[in-house]
$ cat run_34.txt   # compact mmCIF, N, CA and C atoms and all ligand atoms
# COMPACT_ATOMS: atom_id res chain seq x y z
N MET A 27 -66.18 -170.55 45.57
CA MET A 27 -65.00 -171.08 46.25
C MET A 27 -64.41 -172.24 45.44
N ALA A 28 -63.11 -172.24 45.28
CA ALA A 28 -62.43 -173.33 44.57
C ALA A 28 -61.54 -174.08 45.55
N ARG A 29 -61.59 -175.40 45.42
CA ARG A 29 -60.80 -176.26 46.29
C ARG A 29 -60.09 -177.23 45.37
N GLN A 30 -58.77 -177.22 45.41
CA GLN A 30 -58.06 -177.94 44.36
C GLN A 30 -56.78 -178.59 44.85
N VAL A 31 -56.51 -179.80 44.35
CA VAL A 31 -55.22 -180.44 44.59
C VAL A 31 -54.22 -179.74 43.68
N VAL A 32 -53.12 -179.22 44.25
CA VAL A 32 -52.13 -178.53 43.40
C VAL A 32 -50.92 -179.41 43.10
N CYS A 33 -50.55 -180.28 44.03
CA CYS A 33 -49.41 -181.16 43.78
C CYS A 33 -49.37 -182.24 44.86
N LYS A 34 -48.44 -183.15 44.70
CA LYS A 34 -48.18 -184.15 45.74
C LYS A 34 -47.27 -183.52 46.78
N GLU A 35 -47.46 -183.92 48.02
CA GLU A 35 -46.64 -183.43 49.13
C GLU A 35 -45.14 -183.59 48.79
N SER A 36 -44.82 -184.71 48.18
CA SER A 36 -43.41 -185.04 47.91
C SER A 36 -42.81 -184.22 46.76
N GLU A 37 -43.66 -183.53 46.00
CA GLU A 37 -43.15 -182.76 44.86
C GLU A 37 -42.60 -181.39 45.23
N LEU A 38 -42.88 -180.95 46.46
CA LEU A 38 -42.42 -179.63 46.88
C LEU A 38 -41.65 -179.76 48.20
N PRO A 39 -40.32 -179.83 48.14
CA PRO A 39 -39.53 -180.04 49.36
C PRO A 39 -39.59 -178.84 50.31
N VAL A 40 -39.26 -179.07 51.55
CA VAL A 40 -39.22 -178.00 52.55
C VAL A 40 -38.24 -176.92 52.07
N GLY A 41 -38.68 -175.65 52.18
CA GLY A 41 -37.83 -174.53 51.77
C GLY A 41 -38.08 -174.07 50.35
N LYS A 42 -39.03 -174.74 49.67
CA LYS A 42 -39.31 -174.38 48.28
C LYS A 42 -40.70 -173.76 48.15
N MET A 43 -40.91 -173.07 47.03
CA MET A 43 -42.23 -172.51 46.70
C MET A 43 -42.49 -172.72 45.22
N LYS A 44 -43.78 -172.73 44.87
CA LYS A 44 -44.13 -172.99 43.47
C LYS A 44 -45.50 -172.36 43.18
N PRO A 45 -45.62 -171.70 42.00
CA PRO A 45 -46.91 -171.09 41.65
C PRO A 45 -47.87 -172.09 41.02
N PHE A 46 -49.16 -171.91 41.30
CA PHE A 46 -50.22 -172.73 40.72
C PHE A 46 -51.42 -171.86 40.44
N LYS A 47 -52.34 -172.39 39.66
CA LYS A 47 -53.61 -171.71 39.44
C LYS A 47 -54.71 -172.53 40.13
N VAL A 48 -55.47 -171.87 40.99
CA VAL A 48 -56.58 -172.54 41.66
C VAL A 48 -57.85 -171.82 41.23
N GLY A 49 -58.70 -172.48 40.44
CA GLY A 49 -59.83 -171.76 39.83
C GLY A 49 -59.24 -170.68 38.94
N ASP A 50 -59.68 -169.42 39.20
CA ASP A 50 -59.14 -168.30 38.40
C ASP A 50 -58.01 -167.57 39.12
N THR A 51 -57.60 -168.09 40.26
CA THR A 51 -56.66 -167.35 41.10
C THR A 51 -55.25 -167.91 41.03
N ASN A 52 -54.28 -167.04 40.84
CA ASN A 52 -52.88 -167.45 40.88
C ASN A 52 -52.41 -167.46 42.32
N VAL A 53 -51.93 -168.60 42.77
CA VAL A 53 -51.46 -168.72 44.15
C VAL A 53 -50.01 -169.19 44.14
N LEU A 54 -49.33 -168.91 45.25
CA LEU A 54 -47.98 -169.39 45.43
C LEU A 54 -48.01 -170.29 46.66
N VAL A 55 -47.58 -171.53 46.47
CA VAL A 55 -47.62 -172.51 47.55
C VAL A 55 -46.20 -172.70 48.08
N TYR A 56 -46.07 -172.69 49.41
CA TYR A 56 -44.77 -172.79 50.08
C TYR A 56 -44.76 -174.04 50.95
N HIS A 57 -43.62 -174.68 51.04
CA HIS A 57 -43.45 -175.75 52.02
C HIS A 57 -42.44 -175.27 53.06
N LEU A 58 -42.96 -174.94 54.25
CA LEU A 58 -42.10 -174.50 55.36
C LEU A 58 -41.93 -175.66 56.33
N GLU A 59 -41.10 -175.45 57.34
CA GLU A 59 -40.86 -176.50 58.35
C GLU A 59 -42.16 -176.99 58.96
N ASP A 60 -43.12 -176.09 59.16
CA ASP A 60 -44.37 -176.48 59.83
C ASP A 60 -45.46 -176.90 58.84
N GLY A 61 -45.13 -177.03 57.57
CA GLY A 61 -46.13 -177.52 56.63
C GLY A 61 -46.32 -176.60 55.44
N PHE A 62 -47.46 -176.76 54.77
CA PHE A 62 -47.72 -176.03 53.53
C PHE A 62 -48.56 -174.78 53.79
N HIS A 63 -48.27 -173.76 52.99
CA HIS A 63 -48.98 -172.49 53.10
C HIS A 63 -49.18 -171.96 51.68
N ALA A 64 -50.15 -171.03 51.53
CA ALA A 64 -50.35 -170.42 50.21
C ALA A 64 -50.70 -168.95 50.36
N THR A 65 -50.16 -168.15 49.44
CA THR A 65 -50.51 -166.73 49.39
C THR A 65 -50.86 -166.38 47.94
N GLN A 66 -51.34 -165.17 47.74
CA GLN A 66 -51.49 -164.69 46.37
C GLN A 66 -50.11 -164.71 45.71
N ALA A 67 -50.10 -164.85 44.38
CA ALA A 67 -48.82 -165.06 43.70
C ALA A 67 -48.08 -163.77 43.38
N SER A 68 -48.81 -162.64 43.37
CA SER A 68 -48.14 -161.39 42.99
C SER A 68 -48.01 -160.46 44.20
N CYS A 69 -46.93 -159.71 44.19
CA CYS A 69 -46.66 -158.76 45.26
C CYS A 69 -47.75 -157.68 45.29
N THR A 70 -48.10 -157.20 46.48
CA THR A 70 -49.12 -156.16 46.58
C THR A 70 -48.56 -154.78 46.26
N HIS A 71 -47.26 -154.66 46.10
CA HIS A 71 -46.65 -153.35 45.81
C HIS A 71 -46.94 -152.97 44.36
N VAL A 72 -46.21 -153.56 43.40
CA VAL A 72 -46.58 -153.37 42.00
C VAL A 72 -46.58 -154.69 41.23
N PHE A 73 -47.09 -155.74 41.92
CA PHE A 73 -47.49 -156.98 41.27
C PHE A 73 -46.37 -157.86 40.71
N ALA A 74 -45.18 -157.78 41.25
CA ALA A 74 -44.11 -158.68 40.81
C ALA A 74 -44.48 -160.12 41.13
N PRO A 75 -44.02 -161.08 40.31
CA PRO A 75 -44.27 -162.49 40.61
C PRO A 75 -43.38 -162.96 41.77
N LEU A 76 -44.00 -163.19 42.91
CA LEU A 76 -43.22 -163.54 44.11
C LEU A 76 -42.46 -164.84 43.96
N ALA A 77 -42.90 -165.71 43.04
CA ALA A 77 -42.21 -166.98 42.84
C ALA A 77 -40.77 -166.76 42.37
N ARG A 78 -40.49 -165.59 41.83
CA ARG A 78 -39.12 -165.30 41.40
C ARG A 78 -38.31 -164.65 42.51
N GLY A 79 -38.94 -164.49 43.68
CA GLY A 79 -38.23 -163.95 44.84
C GLY A 79 -37.58 -165.07 45.63
N LYS A 80 -37.50 -164.87 46.94
CA LYS A 80 -36.75 -165.79 47.79
C LYS A 80 -37.48 -166.02 49.10
N ILE A 81 -37.32 -167.20 49.66
CA ILE A 81 -37.81 -167.43 51.02
C ILE A 81 -36.67 -167.04 51.97
N VAL A 82 -36.99 -166.15 52.92
CA VAL A 82 -35.99 -165.62 53.85
C VAL A 82 -36.30 -166.11 55.26
N ASP A 83 -35.25 -166.58 55.97
CA ASP A 83 -35.39 -167.03 57.36
C ASP A 83 -36.47 -168.10 57.53
N GLY A 84 -36.75 -168.83 56.48
CA GLY A 84 -37.69 -169.95 56.58
C GLY A 84 -39.13 -169.57 56.80
N CYS A 85 -39.45 -168.27 56.75
CA CYS A 85 -40.83 -167.89 57.07
C CYS A 85 -41.34 -166.68 56.31
N ARG A 86 -40.48 -166.02 55.54
CA ARG A 86 -40.94 -164.83 54.82
C ARG A 86 -40.60 -164.97 53.34
N VAL A 87 -41.41 -164.31 52.49
CA VAL A 87 -41.07 -164.28 51.07
C VAL A 87 -40.62 -162.86 50.75
N ARG A 88 -39.52 -162.78 49.97
CA ARG A 88 -38.99 -161.47 49.59
C ARG A 88 -39.24 -161.24 48.11
N CYS A 89 -39.85 -160.12 47.79
CA CYS A 89 -40.19 -159.78 46.41
C CYS A 89 -38.93 -159.55 45.58
N PRO A 90 -38.93 -160.05 44.34
CA PRO A 90 -37.75 -159.90 43.49
C PRO A 90 -37.56 -158.46 42.98
N PHE A 91 -38.61 -157.64 42.99
CA PHE A 91 -38.49 -156.29 42.42
C PHE A 91 -37.90 -155.28 43.41
N HIS A 92 -38.60 -155.00 44.49
CA HIS A 92 -38.17 -153.92 45.40
C HIS A 92 -37.99 -154.43 46.83
N ARG A 93 -37.91 -155.75 46.95
CA ARG A 93 -37.50 -156.40 48.20
C ARG A 93 -38.46 -156.25 49.38
N ALA A 94 -39.73 -156.00 49.11
CA ALA A 94 -40.69 -156.08 50.21
C ALA A 94 -40.66 -157.51 50.74
N GLN A 95 -40.90 -157.66 52.05
CA GLN A 95 -40.96 -159.00 52.64
C GLN A 95 -42.28 -159.18 53.35
N PHE A 96 -42.84 -160.37 53.16
CA PHE A 96 -44.14 -160.69 53.75
C PHE A 96 -44.03 -161.97 54.57
N ASP A 97 -44.75 -161.99 55.68
CA ASP A 97 -44.85 -163.21 56.48
C ASP A 97 -45.69 -164.21 55.67
N ILE A 98 -45.15 -165.37 55.40
CA ILE A 98 -45.84 -166.35 54.55
C ILE A 98 -47.09 -166.90 55.25
N ARG A 99 -47.04 -167.03 56.57
CA ARG A 99 -48.17 -167.65 57.28
C ARG A 99 -49.36 -166.71 57.41
N THR A 100 -49.07 -165.40 57.58
CA THR A 100 -50.17 -164.44 57.80
C THR A 100 -50.36 -163.48 56.64
N GLY A 101 -49.36 -163.35 55.78
CA GLY A 101 -49.42 -162.41 54.67
C GLY A 101 -49.01 -160.99 55.06
N GLU A 102 -48.79 -160.77 56.37
CA GLU A 102 -48.47 -159.42 56.82
C GLU A 102 -47.15 -158.90 56.27
N VAL A 103 -47.10 -157.59 56.11
CA VAL A 103 -45.87 -156.95 55.64
C VAL A 103 -44.85 -156.97 56.77
N HIS A 104 -43.67 -157.49 56.48
CA HIS A 104 -42.58 -157.48 57.46
C HIS A 104 -41.69 -156.26 57.18
N GLU A 105 -41.50 -156.02 55.89
CA GLU A 105 -40.70 -154.88 55.46
C GLU A 105 -41.28 -154.43 54.12
N TRP A 106 -41.50 -153.16 53.96
CA TRP A 106 -42.09 -152.69 52.71
C TRP A 106 -40.99 -152.41 51.68
N ALA A 107 -41.38 -152.14 50.44
CA ALA A 107 -40.43 -151.93 49.34
C ALA A 107 -39.34 -150.93 49.74
N ASN A 108 -38.09 -151.32 49.56
CA ASN A 108 -37.00 -150.45 50.02
C ASN A 108 -35.82 -150.42 49.07
N PHE A 109 -36.01 -150.94 47.87
CA PHE A 109 -34.91 -151.01 46.91
C PHE A 109 -35.45 -150.77 45.51
N PRO A 110 -34.79 -150.05 44.63
CA PRO A 110 -33.56 -149.28 44.87
C PRO A 110 -33.86 -147.99 45.63
N PRO A 111 -32.82 -147.28 46.03
CA PRO A 111 -33.05 -146.00 46.73
C PRO A 111 -33.96 -145.12 45.87
N GLY A 112 -34.91 -144.45 46.49
CA GLY A 112 -35.84 -143.60 45.74
C GLY A 112 -37.19 -144.27 45.56
N ILE A 113 -37.26 -145.57 45.82
CA ILE A 113 -38.53 -146.29 45.65
C ILE A 113 -39.59 -145.73 46.61
N GLN A 114 -39.13 -145.09 47.67
CA GLN A 114 -40.07 -144.51 48.64
C GLN A 114 -41.03 -143.51 47.98
N LEU A 115 -40.57 -142.89 46.88
CA LEU A 115 -41.45 -141.96 46.16
C LEU A 115 -42.68 -142.69 45.64
N LEU A 116 -42.46 -143.90 45.12
CA LEU A 116 -43.56 -144.71 44.61
C LEU A 116 -44.44 -145.18 45.77
N ASN A 117 -43.81 -145.39 46.91
CA ASN A 117 -44.55 -145.92 48.06
C ASN A 117 -45.62 -144.95 48.56
N VAL A 118 -45.50 -143.68 48.17
CA VAL A 118 -46.51 -142.70 48.57
C VAL A 118 -47.87 -143.12 47.99
N VAL A 119 -47.84 -143.65 46.76
CA VAL A 119 -49.11 -144.09 46.15
C VAL A 119 -49.33 -145.60 46.28
N ARG A 120 -48.28 -146.35 46.63
CA ARG A 120 -48.43 -147.80 46.80
C ARG A 120 -48.09 -148.11 48.25
N SER A 121 -49.05 -147.88 49.13
CA SER A 121 -48.75 -148.04 50.55
C SER A 121 -48.88 -149.51 50.98
N GLU A 122 -48.35 -149.80 52.15
CA GLU A 122 -48.26 -151.18 52.64
C GLU A 122 -49.59 -151.92 52.56
N LYS A 123 -49.52 -153.13 52.05
CA LYS A 123 -50.73 -153.95 51.96
C LYS A 123 -50.32 -155.42 52.12
N ALA A 124 -51.01 -156.11 52.99
CA ALA A 124 -50.69 -157.53 53.25
C ALA A 124 -51.05 -158.40 52.05
N LEU A 125 -50.42 -159.55 51.94
CA LEU A 125 -50.80 -160.54 50.93
C LEU A 125 -52.04 -161.29 51.40
N LYS A 126 -52.86 -161.72 50.46
CA LYS A 126 -53.95 -162.64 50.80
C LYS A 126 -53.34 -164.00 51.06
N THR A 127 -53.87 -164.70 52.04
CA THR A 127 -53.41 -166.07 52.29
C THR A 127 -54.60 -167.01 52.08
N TYR A 128 -54.29 -168.26 51.79
CA TYR A 128 -55.35 -169.24 51.49
C TYR A 128 -55.14 -170.51 52.31
N PRO A 129 -56.23 -171.07 52.85
CA PRO A 129 -56.12 -172.31 53.62
C PRO A 129 -55.52 -173.43 52.75
N THR A 130 -54.58 -174.14 53.34
CA THR A 130 -53.87 -175.19 52.62
C THR A 130 -53.75 -176.41 53.54
N VAL A 131 -54.17 -177.56 53.04
CA VAL A 131 -54.11 -178.78 53.86
C VAL A 131 -53.49 -179.91 53.04
N VAL A 132 -53.01 -180.92 53.75
CA VAL A 132 -52.51 -182.11 53.07
C VAL A 132 -53.49 -183.24 53.34
N GLU A 133 -53.96 -183.85 52.26
CA GLU A 133 -54.91 -184.98 52.38
C GLU A 133 -54.35 -186.16 51.63
N GLU A 134 -54.00 -187.19 52.37
CA GLU A 134 -53.44 -188.41 51.78
C GLU A 134 -52.34 -188.12 50.77
N GLY A 135 -51.43 -187.22 51.18
CA GLY A 135 -50.27 -186.95 50.33
C GLY A 135 -50.50 -185.88 49.27
N ASP A 136 -51.74 -185.41 49.14
CA ASP A 136 -52.03 -184.34 48.18
C ASP A 136 -52.08 -183.00 48.89
N VAL A 137 -51.48 -181.98 48.28
CA VAL A 137 -51.58 -180.62 48.83
C VAL A 137 -52.82 -179.96 48.22
N VAL A 138 -53.72 -179.53 49.09
CA VAL A 138 -55.00 -178.96 48.66
C VAL A 138 -55.06 -177.49 49.08
N VAL A 139 -55.40 -176.60 48.15
CA VAL A 139 -55.53 -175.19 48.44
C VAL A 139 -56.99 -174.78 48.23
N VAL A 140 -57.50 -173.96 49.16
CA VAL A 140 -58.87 -173.47 49.07
C VAL A 140 -58.84 -171.97 48.83
N VAL A 141 -59.48 -171.54 47.75
CA VAL A 141 -59.48 -170.12 47.38
C VAL A 141 -60.90 -169.57 47.42
S1 LIG A 201 -43.34 -155.20 43.36
FE1 LIG A 201 -42.84 -156.22 45.18
S2 LIG A 201 -41.75 -154.80 46.33
FE2 LIG A 201 -42.28 -153.73 44.54
$ encode --input "run_34.txt" --output "structure tokens" --more "lines below"
Ligand code: FES
Amino acid sequence: MARQVVCKESELPVGKMKPFKVGDTNVLVYHLEDGFHATQASCTHVFAPLARGKIVDGCRVRCPFHRAQFDIRTGEVHEWANFPPGIQLLNVVRSEKALKTYPTVVEEGDVVVVV
């Protein structure tokens, strides 16, 4: 298990996300209205870097490749890959899979992620 300070609370404003490495694991840390959260950094569909995607409705991350959306707090799939048309053919072999999430706490202004 790795437990690591990734940044200062003040370095990641609400509505932003940023990738970090915790031990050997690439994580994506988000600052939402209710605090900090972390998920695996790559999409479960075909591994796009989610940091290049977008935070949607303040609670979901949208993949930059085929627009799958995941709940940031739970990692659950909100919408599976749906772009461009025809991607459903690939989805036959890449079926829905939630993101891993990691416990994230703030300690004296430091954002700490546990992997
Ligand atoms: S790689 Fe993320 S939706 Fe395809």
$ atom_distance --input "run_34.txt" --atom1 "atom S1 of ligand LIG 201 (chain A)" --atom2 "CA of Lys47 in chain A"
19.8 Å
$ residues_near_ligand --input "run_34.txt" --ligand "ligand LIG 201 (chain A)" --cutoff "8 Å" --atoms "all atoms listed in the file" --output "number ranges by chain"
A: 68-76, 88-95, 105-109
$ atom_distance --input "run_34.txt" --atom1 "CA of Met43 in chain A" --atom2 "CA of Ala77 in chain A"
6.7 Å
$ atom_distance --input "run_34.txt" --atom1 "atom C of Glu37 in chain A" --atom2 "atom C of Gly101 in chain A"
23.5 Å
$ residues_around --input "run_34.txt" --residues "Thr51 in chain A" --least-positions-apart "6" --cutoff "8 Å" --atoms "all atoms listed in the file" --output "ChimeraX atom specification"
/A:66-67,141
$ select_by_dssp --input "run_34.txt" --residues "chain A" --states "strand (DSSP E or B)" --output "ChimeraX atom specification"
/A:29-34,43-48,51-58,61-66,68,75,80-82,86-88,95-97,103-105,127-128,130-133,136-140
$ write_last_selection --input "run_34.txt" --atoms "N, CA and C atoms" --output "compact mmCIF listing (two decimals), in the coordinates of the input"
# COMPACT_ATOMS: atom_id res chain seq x y z
N ARG A 29 -61.59 -175.40 45.42
CA ARG A 29 -60.80 -176.26 46.29
C ARG A 29 -60.09 -177.23 45.37
N GLN A 30 -58.77 -177.22 45.41
CA GLN A 30 -58.06 -177.94 44.36
C GLN A 30 -56.78 -178.59 44.85
N VAL A 31 -56.51 -179.80 44.35
CA VAL A 31 -55.22 -180.44 44.59
C VAL A 31 -54.22 -179.74 43.68
N VAL A 32 -53.12 -179.22 44.25
CA VAL A 32 -52.13 -178.53 43.40
C VAL A 32 -50.92 -179.41 43.10
N CYS A 33 -50.55 -180.28 44.03
CA CYS A 33 -49.41 -181.16 43.78
C CYS A 33 -49.37 -182.24 44.86
N LYS A 34 -48.44 -183.15 44.70
CA LYS A 34 -48.18 -184.15 45.74
C LYS A 34 -47.27 -183.52 46.78
N MET A 43 -40.91 -173.07 47.03
CA MET A 43 -42.23 -172.51 46.70
C MET A 43 -42.49 -172.72 45.22
N LYS A 44 -43.78 -172.73 44.87
CA LYS A 44 -44.13 -172.99 43.47
C LYS A 44 -45.50 -172.36 43.18
N PRO A 45 -45.62 -171.70 42.00
CA PRO A 45 -46.91 -171.09 41.65
C PRO A 45 -47.87 -172.09 41.02
N PHE A 46 -49.16 -171.91 41.30
CA PHE A 46 -50.22 -172.73 40.72
C PHE A 46 -51.42 -171.86 40.44
N LYS A 47 -52.34 -172.39 39.66
CA LYS A 47 -53.61 -171.71 39.44
C LYS A 47 -54.71 -172.53 40.13
N VAL A 48 -55.47 -171.87 40.99
CA VAL A 48 -56.58 -172.54 41.66
C VAL A 48 -57.85 -171.82 41.23
N THR A 51 -57.60 -168.09 40.26
CA THR A 51 -56.66 -167.35 41.10
C THR A 51 -55.25 -167.91 41.03
N ASN A 52 -54.28 -167.04 40.84
CA ASN A 52 -52.88 -167.45 40.88
C ASN A 52 -52.41 -167.46 42.32
N VAL A 53 -51.93 -168.60 42.77
CA VAL A 53 -51.46 -168.72 44.15
C VAL A 53 -50.01 -169.19 44.14
N LEU A 54 -49.33 -168.91 45.25
CA LEU A 54 -47.98 -169.39 45.43
C LEU A 54 -48.01 -170.29 46.66
N VAL A 55 -47.58 -171.53 46.47
CA VAL A 55 -47.62 -172.51 47.55
C VAL A 55 -46.20 -172.70 48.08
N TYR A 56 -46.07 -172.69 49.41
CA TYR A 56 -44.77 -172.79 50.08
C TYR A 56 -44.76 -174.04 50.95
N HIS A 57 -43.62 -174.68 51.04
CA HIS A 57 -43.45 -175.75 52.02
C HIS A 57 -42.44 -175.27 53.06
N LEU A 58 -42.96 -174.94 54.25
CA LEU A 58 -42.10 -174.50 55.36
C LEU A 58 -41.93 -175.66 56.33
N GLY A 61 -45.13 -177.03 57.57
CA GLY A 61 -46.13 -177.52 56.63
C GLY A 61 -46.32 -176.60 55.44
N PHE A 62 -47.46 -176.76 54.77
CA PHE A 62 -47.72 -176.03 53.53
C PHE A 62 -48.56 -174.78 53.79
N HIS A 63 -48.27 -173.76 52.99
CA HIS A 63 -48.98 -172.49 53.10
C HIS A 63 -49.18 -171.96 51.68
N ALA A 64 -50.15 -171.03 51.53
CA ALA A 64 -50.35 -170.42 50.21
C ALA A 64 -50.70 -168.95 50.36
N THR A 65 -50.16 -168.15 49.44
CA THR A 65 -50.51 -166.73 49.39
C THR A 65 -50.86 -166.38 47.94
N GLN A 66 -51.34 -165.17 47.74
CA GLN A 66 -51.49 -164.69 46.37
C GLN A 66 -50.11 -164.71 45.71
N SER A 68 -48.81 -162.64 43.37
CA SER A 68 -48.14 -161.39 42.99
C SER A 68 -48.01 -160.46 44.20
N PRO A 75 -44.02 -161.08 40.31
CA PRO A 75 -44.27 -162.49 40.61
C PRO A 75 -43.38 -162.96 41.77
N LYS A 80 -37.50 -164.87 46.94
CA LYS A 80 -36.75 -165.79 47.79
C LYS A 80 -37.48 -166.02 49.10
N ILE A 81 -37.32 -167.20 49.66
CA ILE A 81 -37.81 -167.43 51.02
C ILE A 81 -36.67 -167.04 51.97
N VAL A 82 -36.99 -166.15 52.92
CA VAL A 82 -35.99 -165.62 53.85
C VAL A 82 -36.30 -166.11 55.26
N ARG A 86 -40.48 -166.02 55.54
CA ARG A 86 -40.94 -164.83 54.82
C ARG A 86 -40.60 -164.97 53.34
N VAL A 87 -41.41 -164.31 52.49
CA VAL A 87 -41.07 -164.28 51.07
C VAL A 87 -40.62 -162.86 50.75
N ARG A 88 -39.52 -162.78 49.97
CA ARG A 88 -38.99 -161.47 49.59
C ARG A 88 -39.24 -161.24 48.11
N GLN A 95 -40.90 -157.66 52.05
CA GLN A 95 -40.96 -159.00 52.64
C GLN A 95 -42.28 -159.18 53.35
N PHE A 96 -42.84 -160.37 53.16
CA PHE A 96 -44.14 -160.69 53.75
C PHE A 96 -44.03 -161.97 54.57
N ASP A 97 -44.75 -161.99 55.68
CA ASP A 97 -44.85 -163.21 56.48
C ASP A 97 -45.69 -164.21 55.67
N VAL A 103 -47.10 -157.59 56.11
CA VAL A 103 -45.87 -156.95 55.64
C VAL A 103 -44.85 -156.97 56.77
N HIS A 104 -43.67 -157.49 56.48
CA HIS A 104 -42.58 -157.48 57.46
C HIS A 104 -41.69 -156.26 57.18
N GLU A 105 -41.50 -156.02 55.89
CA GLU A 105 -40.70 -154.88 55.46
C GLU A 105 -41.28 -154.43 54.12
N THR A 127 -53.87 -164.70 52.04
CA THR A 127 -53.41 -166.07 52.29
C THR A 127 -54.60 -167.01 52.08
N TYR A 128 -54.29 -168.26 51.79
CA TYR A 128 -55.35 -169.24 51.49
C TYR A 128 -55.14 -170.51 52.31
N THR A 130 -54.58 -174.14 53.34
CA THR A 130 -53.87 -175.19 52.62
C THR A 130 -53.75 -176.41 53.54
N VAL A 131 -54.17 -177.56 53.04
CA VAL A 131 -54.11 -178.78 53.86
C VAL A 131 -53.49 -179.91 53.04
N VAL A 132 -53.01 -180.92 53.75
CA VAL A 132 -52.51 -182.11 53.07
C VAL A 132 -53.49 -183.24 53.34
N GLU A 133 -53.96 -183.85 52.26
CA GLU A 133 -54.91 -184.98 52.38
C GLU A 133 -54.35 -186.16 51.63
N ASP A 136 -51.74 -185.41 49.14
CA ASP A 136 -52.03 -184.34 48.18
C ASP A 136 -52.08 -183.00 48.89
N VAL A 137 -51.48 -181.98 48.28
CA VAL A 137 -51.58 -180.62 48.83
C VAL A 137 -52.82 -179.96 48.22
N VAL A 138 -53.72 -179.53 49.09
CA VAL A 138 -55.00 -178.96 48.66
C VAL A 138 -55.06 -177.49 49.08
N VAL A 139 -55.40 -176.60 48.15
CA VAL A 139 -55.53 -175.19 48.44
C VAL A 139 -56.99 -174.78 48.23
N VAL A 140 -57.50 -173.96 49.16
CA VAL A 140 -58.87 -173.47 49.07
C VAL A 140 -58.84 -171.97 48.83
$ closest_residue --input "run_34.txt" --among "A:Val82, A:Val138, A:Val131, A:Leu125" --to "Thr65 in chain A" --atoms "all atoms listed in the file"
A:Leu125
